[in-house]
Amino acid sequence: MGNIRQKRNKVNSSLYIGKGKAELIAEIAHEKKVDVVIFDNDLSPAQIRELEKIIEVKIIDRSELILDIFATRASSAEARMQVELAQLEYTYPRLTRMWSHLDTVAGSAATGGVGTRGTGESQLEIDRRLVHKRVAALSRQIKEIDKRKTRQVKARDKHFTVSLVGYTNAGKSTLMNTLTGSENFAADQLFATLDTKTQRWNLSQEHYALLSDTVGFVRNLPHHLVASFRATLEEAIHADLLLHVVDIAHPQVELQLKAVNTVLKELGCDQKDIILVMNKIDKPGSISRSETFQAIHPDAVAVSSRTGSGVNNLIDAVLTRITGDNLHLRVTGNISDGRISHYLRAHGTILKEDYSDTHVTIEAQLGQRQLPGLKQLKPESCEIITPTKA
């Protein structure tokens, strides 16, 4: 319906914006017969109350809008509980405004005594108690979910785990479907995914990873929402590798990148191993933007989750993280010990085998990070011939 901006040196404590700007919004809202005015900022209960007096329509701030979108997207019982908790924590300090249409005090404040408490104060206290009880109950349930999720994630310690993170609508779910051949729900809409999904991702004949999709982030994500969805984000917190997916076709891609990095820092994930994935390179205008982006982030990998273009380059980058740089080895072991040959076939590539009556000498390529596992098998000799890049 319309978009209004105001540049101010200082926030108006009572209205957030200036009174003149609020009156202008009121005129436009009346002229266009709008039902709701949405602020791309977080407002205090008092600011919302004063704005509604002037504009005379419902006012929604940024956090309330995000929570409403989350509520419409939540499908599982876990997601619905997390959204409800975040909504209640948002609503609790705003209960006074919700009951402002009733008297809070009947009679003179100076007289006090019996009969001075009005219906508003009574209803407000009842609602506060109900909200407090419900928040406590939901917190207990989500804490149990958090413990269970932590146990599930830790049970995957023997597997290499990868988690998709990124701004909402960056194409994470579509990319997951392309990489794993799954058919998870994916749509061109905000917060299409609220529940974490994990699939096996076959990277090569020898290697695979467990790939998880996570809820999308957004600029200035409300802190209580991050806290409520901590169980959902547990996959990212404990992942061995993060694939940070960015929508390279979006004009504000750098701002979105910064917003996600801020949330990752809040979660304690900012020091993790991360691969930047430039998604949607098939969209118009994305090529020139990806060239500029890659000049700043030279290790970023360009892909199209829709067409599959660049996926092999992404697989190679992930394989390098799993195995490290390839080493050209010459390994000698007793011919009766088949464990060495089996390990090299399972984790690397056999190049040459020479047998004698008592020993076998194998030349193979093996990832640097797989070398400690080979040495645990105690071959008679293990010589690095020439290190080569994967």
# chains A, B, ... in the order shown; residues from 1 in each chain; ligands from 1

call {"tool": "residues_around", "arguments": {"residues": "region 1-11 of chain A", "least_positions_apart": "3", "cutoff": "10 Å", "atoms": "only C-alpha atoms", "output": "JSON, numbers by chain"}}
result
{"A": [14, 15, 16, 17, 18, 21, 24, 25, 28, 29, 32, 33, 34, 37, 38, 39, 40]}

call {"tool": "closest_residue", "arguments": {"among": "A:His359, A:His347, A:Arg339, A:Arg129", "to": "Gln376 (chain A)", "atoms": "only C-alpha atoms"}}
result
A:Arg339

call {"tool": "atom_distance", "arguments": {"atom1": "CA of Val246 (chain A)", "atom2": "CA of Leu314 (chain A)"}}
result
13.8 Å

call {"tool": "closest_residue", "arguments": {"among": "A:Ala239, A:Ser309, A:Thr292, A:Gln256", "to": "Ile274 (chain A)", "atoms": "only C-alpha atoms"}}
result
A:Ala239

call {"tool": "atom_distance", "arguments": {"atom1": "CA of Gln370 (chain A)", "atom2": "CA of Asn313 (chain A)"}}
result
21.1 Å

call {"tool": "closest_residue", "arguments": {"among": "A:Gln294, A:Ser305, A:Asn312, A:Thr361", "to": "Leu175 (chain A)", "atoms": "only C-alpha atoms"}}
result
A:Ser305

call {"tool": "atom_distance", "arguments": {"atom1": "CA of Val131 (chain A)", "atom2": "CA of Pro45 (chain A)"}}
result
16.9 Å

call {"tool": "select_by_dssp", "arguments": {"residues": "region 218-327 of chain A", "states": "helix (DSSP H, G or I)", "output": "ChimeraX atom specification"}}
result
/A:223-228,234-238,253-266,286-296,311-323

call {"tool": "residues_around", "arguments": {"residues": "Ser341 (chain A)", "least_positions_apart": "6", "cutoff": "10 Å", "atoms": "only C-alpha atoms", "output": "MDAnalysis selection string"}}
result
chainID A and resid 331:333 335 350 353 360:362 364 374

call {"tool": "closest_residue", "arguments": {"among": "A:Ile54, A:Ile126, A:Leu264, A:Ala136", "to": "Leu242 (chain A)", "atoms": "only C-alpha atoms"}}
result
A:Leu264

call {"tool": "residues_around", "arguments": {"residues": "Glu23 (chain A)", "least_positions_apart": "3", "cutoff": "8 Å", "atoms": "only C-alpha atoms", "output": "ChimeraX atom specification"}}
result
/A:19-20,26-27,54-55

call {"tool": "residues_around", "arguments": {"residues": "Leu241 (chain A)", "least_positions_apart": "3", "cutoff": "12 Å", "atoms": "only C-alpha atoms", "output": "ChimeraX atom specification"}}
result
/A:159-165,209-212,235-238,244,269-276,317-322

call {"tool": "write_last_selection", "arguments": {"atoms": "N, CA and C atoms", "output": "mmCIF file, in the first residue's frame"}}
result
data_model
loop_
_atom_site.group_PDB
_atom_site.id
_atom_site.type_symbol
_atom_site.label_atom_id
_atom_site.label_comp_id
_atom_site.auth_asym_id
_atom_site.auth_seq_id
_atom_site.Cartn_x
_atom_site.Cartn_y
_atom_site.Cartn_z
ATOM 1 N N HIS A 159 29.796 -39.320 12.605
ATOM 2 C CA HIS A 159 29.539 -38.884 11.235
ATOM 3 C C HIS A 159 29.993 -37.445 11.048
ATOM 4 N N PHE A 160 30.366 -37.097 9.826
ATOM 5 C CA PHE A 160 30.680 -35.709 9.496
ATOM 6 C C PHE A 160 29.355 -34.988 9.236
ATOM 7 N N THR A 161 29.094 -33.923 9.994
ATOM 8 C CA THR A 161 27.808 -33.230 9.907
ATOM 9 C C THR A 161 27.975 -31.853 9.286
ATOM 10 N N VAL A 162 27.048 -31.536 8.390
ATOM 11 C CA VAL A 162 27.047 -30.251 7.680
ATOM 12 C C VAL A 162 25.687 -29.606 7.883
ATOM 13 N N SER A 163 25.681 -28.313 8.152
ATOM 14 C CA SER A 163 24.417 -27.610 8.382
ATOM 15 C C SER A 163 24.291 -26.432 7.435
ATOM 16 N N LEU A 164 23.119 -26.306 6.803
ATOM 17 C CA LEU A 164 22.827 -25.168 5.943
ATOM 18 C C LEU A 164 22.309 -24.021 6.797
ATOM 19 N N VAL A 165 22.929 -22.873 6.694
ATOM 20 C CA VAL A 165 22.449 -21.676 7.384
ATOM 21 C C VAL A 165 22.376 -20.540 6.360
ATOM 22 N N ALA A 209 28.070 -37.253 4.154
ATOM 23 C CA ALA A 209 27.877 -36.378 5.315
ATOM 24 C C ALA A 209 26.398 -36.374 5.662
ATOM 25 N N LEU A 210 26.084 -35.990 6.886
ATOM 26 C CA LEU A 210 24.700 -35.767 7.289
ATOM 27 C C LEU A 210 24.422 -34.276 7.128
ATOM 28 N N LEU A 211 23.500 -33.944 6.230
ATOM 29 C CA LEU A 211 23.210 -32.555 5.889
ATOM 30 C C LEU A 211 21.899 -32.126 6.542
ATOM 31 N N SER A 212 21.937 -31.002 7.263
ATOM 32 C CA SER A 212 20.750 -30.493 7.964
ATOM 33 C C SER A 212 20.359 -29.124 7.431
ATOM 34 N N GLU A 235 21.463 -28.217 15.478
ATOM 35 C CA GLU A 235 22.224 -28.852 14.396
ATOM 36 C C GLU A 235 23.361 -27.948 13.941
ATOM 37 N N ALA A 236 23.078 -26.644 13.802
ATOM 38 C CA ALA A 236 24.109 -25.703 13.372
ATOM 39 C C ALA A 236 25.168 -25.520 14.445
ATOM 40 N N ILE A 237 24.725 -25.511 15.712
ATOM 41 C CA ILE A 237 25.654 -25.285 16.822
ATOM 42 C C ILE A 237 26.697 -26.403 16.906
ATOM 43 N N HIS A 238 26.278 -27.653 16.624
ATOM 44 C CA HIS A 238 27.176 -28.796 16.773
ATOM 45 C C HIS A 238 27.724 -29.319 15.445
ATOM 46 N N HIS A 244 27.057 -21.555 4.490
ATOM 47 C CA HIS A 244 26.327 -20.295 4.608
ATOM 48 C C HIS A 244 25.828 -19.898 3.221
ATOM 49 N N CYS A 269 28.674 -19.676 16.957
ATOM 50 C CA CYS A 269 29.069 -20.460 15.773
ATOM 51 C C CYS A 269 30.006 -19.690 14.840
ATOM 52 N N ASP A 270 30.400 -18.488 15.222
ATOM 53 C CA ASP A 270 31.142 -17.635 14.293
ATOM 54 C C ASP A 270 32.564 -18.138 14.021
ATOM 55 N N GLN A 271 33.096 -19.012 14.907
ATOM 56 C CA GLN A 271 34.451 -19.535 14.706
ATOM 57 C C GLN A 271 34.464 -20.896 14.019
ATOM 58 N N LYS A 272 33.303 -21.376 13.622
ATOM 59 C CA LYS A 272 33.226 -22.681 12.952
ATOM 60 C C LYS A 272 33.784 -22.609 11.528
ATOM 61 N N ASP A 273 34.076 -23.789 10.994
ATOM 62 C CA ASP A 273 34.483 -23.889 9.590
ATOM 63 C C ASP A 273 33.258 -23.593 8.724
ATOM 64 N N ILE A 274 33.363 -22.575 7.861
ATOM 65 C CA ILE A 274 32.212 -22.123 7.069
ATOM 66 C C ILE A 274 32.608 -22.004 5.602
ATOM 67 N N ILE A 275 31.743 -22.509 4.725
ATOM 68 C CA ILE A 275 31.882 -22.296 3.281
ATOM 69 C C ILE A 275 30.751 -21.375 2.830
ATOM 70 N N LEU A 276 31.099 -20.268 2.189
ATOM 71 C CA LEU A 276 30.092 -19.373 1.638
ATOM 72 C C LEU A 276 29.596 -19.936 0.309
ATOM 73 N N ALA A 317 34.585 -28.901 -2.526
ATOM 74 C CA ALA A 317 34.982 -28.049 -1.392
ATOM 75 C C ALA A 317 34.686 -28.741 -0.066
ATOM 76 N N VAL A 318 33.535 -29.420 0.009
ATOM 77 C CA VAL A 318 33.177 -30.122 1.248
ATOM 78 C C VAL A 318 34.086 -31.335 1.450
ATOM 79 N N LEU A 319 34.368 -32.060 0.383
ATOM 80 C CA LEU A 319 35.267 -33.217 0.488
ATOM 81 C C LEU A 319 36.645 -32.800 0.994
ATOM 82 N N THR A 320 37.119 -31.642 0.540
ATOM 83 C CA THR A 320 38.406 -31.151 1.008
ATOM 84 C C THR A 320 38.371 -30.870 2.499
ATOM 85 N N ARG A 321 37.211 -30.356 2.987
ATOM 86 C CA ARG A 321 37.075 -30.111 4.424
ATOM 87 C C ARG A 321 37.069 -31.427 5.212
ATOM 88 N N ILE A 322 36.491 -32.474 4.607
ATOM 89 C CA ILE A 322 36.421 -33.762 5.305
ATOM 90 C C ILE A 322 37.773 -34.460 5.316
#

call {"tool": "closest_residue", "arguments": {"among": "A:Leu43, A:Leu377, A:Met176, A:Ile59", "to": "Asn12 (chain A)", "atoms": "only C-alpha atoms"}}
result
A:Leu43
